[in-house]
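Visitor: Take a look at the following structure, please.
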Amino acid sequence: MEYSKKIGSITIFQNEPIDNYIARWFEEAIRINSRIFNIHLKKRIRVYSCSNYSEIYKHAKVFHKWSTASVEKNKMVFRTVNWIEKIGKFTKKDVKKIIIHEFNHIFWLQKYPLTKPNWLVEGFASYIAKDSQLKLPKQQLKKLIKDYNIKDARYLNYRFLRRNYKSDYPCYPL
Ligand SMILES: [Zn+2]
């Protein structure tokens, strides 16, 4: 990629000039998660900020159309802020939270050899990123469990929920 920027122990690659505010969001995401997990990043993390799908598939093993970012052990692939804004599901402000969320996964992978249960890993990342979209009052949760007849912990897997419930379903109920 044409541009790169080193920020502490990460390097961002992008085919457009990299704005300073993005660098600051990454710094903050690392600081927050480093404090929570009480560890430092062991290896340099490469962040590929992609402007289109051909760039994404060059760098990511798996990347779903509904994803904004994907994380492997020492690598993060994500859409550029411009692309995210164009899609319209998230605003520029949300991108900062997404970065905190994704770095939570990176730190998690460095500390624990597990990526499951999904509801815990995703729920924790969302909680730390203060994703208010995903907060759910207890009463609402109870109603949801009743309405959808949820009996199986499998249903708490957010990808499963996304695939099966088309409405604006809360992805991380617990
Ligand atoms: Zn996640």
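Residues are referred to by chain and number: the chain letter is A, B, ... according to the order shown in the structure tokens, the number counts from 1 in that chain, and ligands are numbered separately from 1 in the order shown.
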Which residues come within 8 Å of range 1-3 of chain A, counting only C-alpha atoms, excluding same-chain residues fewer than 6 positions away, as JSON, numbers by chain?

Guide: {"A": [13, 14, 15, 16, 17, 18]}

Visitor: With only C-alpha atoms and all ligand atoms counted, collect every polymer residue having an atom within 10 Å of ligand 1; state the result as number ranges by chain.

Guide: A: 67-71, 98-106, 118-119, 121-126, 158, 172

Visitor: Please indicate the distance in Å from CA of His40 in chain A to CA of Leu109 in chain A, rounded to one decimal place.

Guide: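 Atom-to-atom, CA of His40 in chain A and CA of Leu109 in chain A are spaced 12.3 Å apart.
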
Visitor: Separation of CA of Phe37 in chain A and CA of Ala60 in chain A, in Å?

Guide: 25.3 Å

Visitor: As a PyMOL selection string, which residues of range 12-161 of chain A does DSSP assign to helix (DSSP H, G or I)?

Guide: chain A and resi 20-37+53-59+81-87+92-111+118-128+132-134+138-147+153-156+158-161

Visitor: Which residue gives the smallest distance to Ser9 in chain A among A:Ser51, A:Asn74, A:Gln110, A:Gln139, with only C-alpha atoms counted?

Guide: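 Using only C-alpha atoms, Ser9 in chain A sits closest to A:Asn74.
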
Visitor: Between CA of Asn20 in chain A and CA of Ile7 in chain A, what is the distance, to one decimal in Å?

Guide: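 CA of Asn20 in chain A sits 10.5 Å away from CA of Ile7 in chain A.
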
Visitor: Name the closest residue to Ser34 in chain A among the candidates A:Tyr112, A:Tyr148, A:Tyr127, A:Phe107; distances are taken between atoms, counting only C-alpha atoms.

Guide: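 Of the candidates, the smallest distance to Ser34 in chain A is held by A:Phe107.
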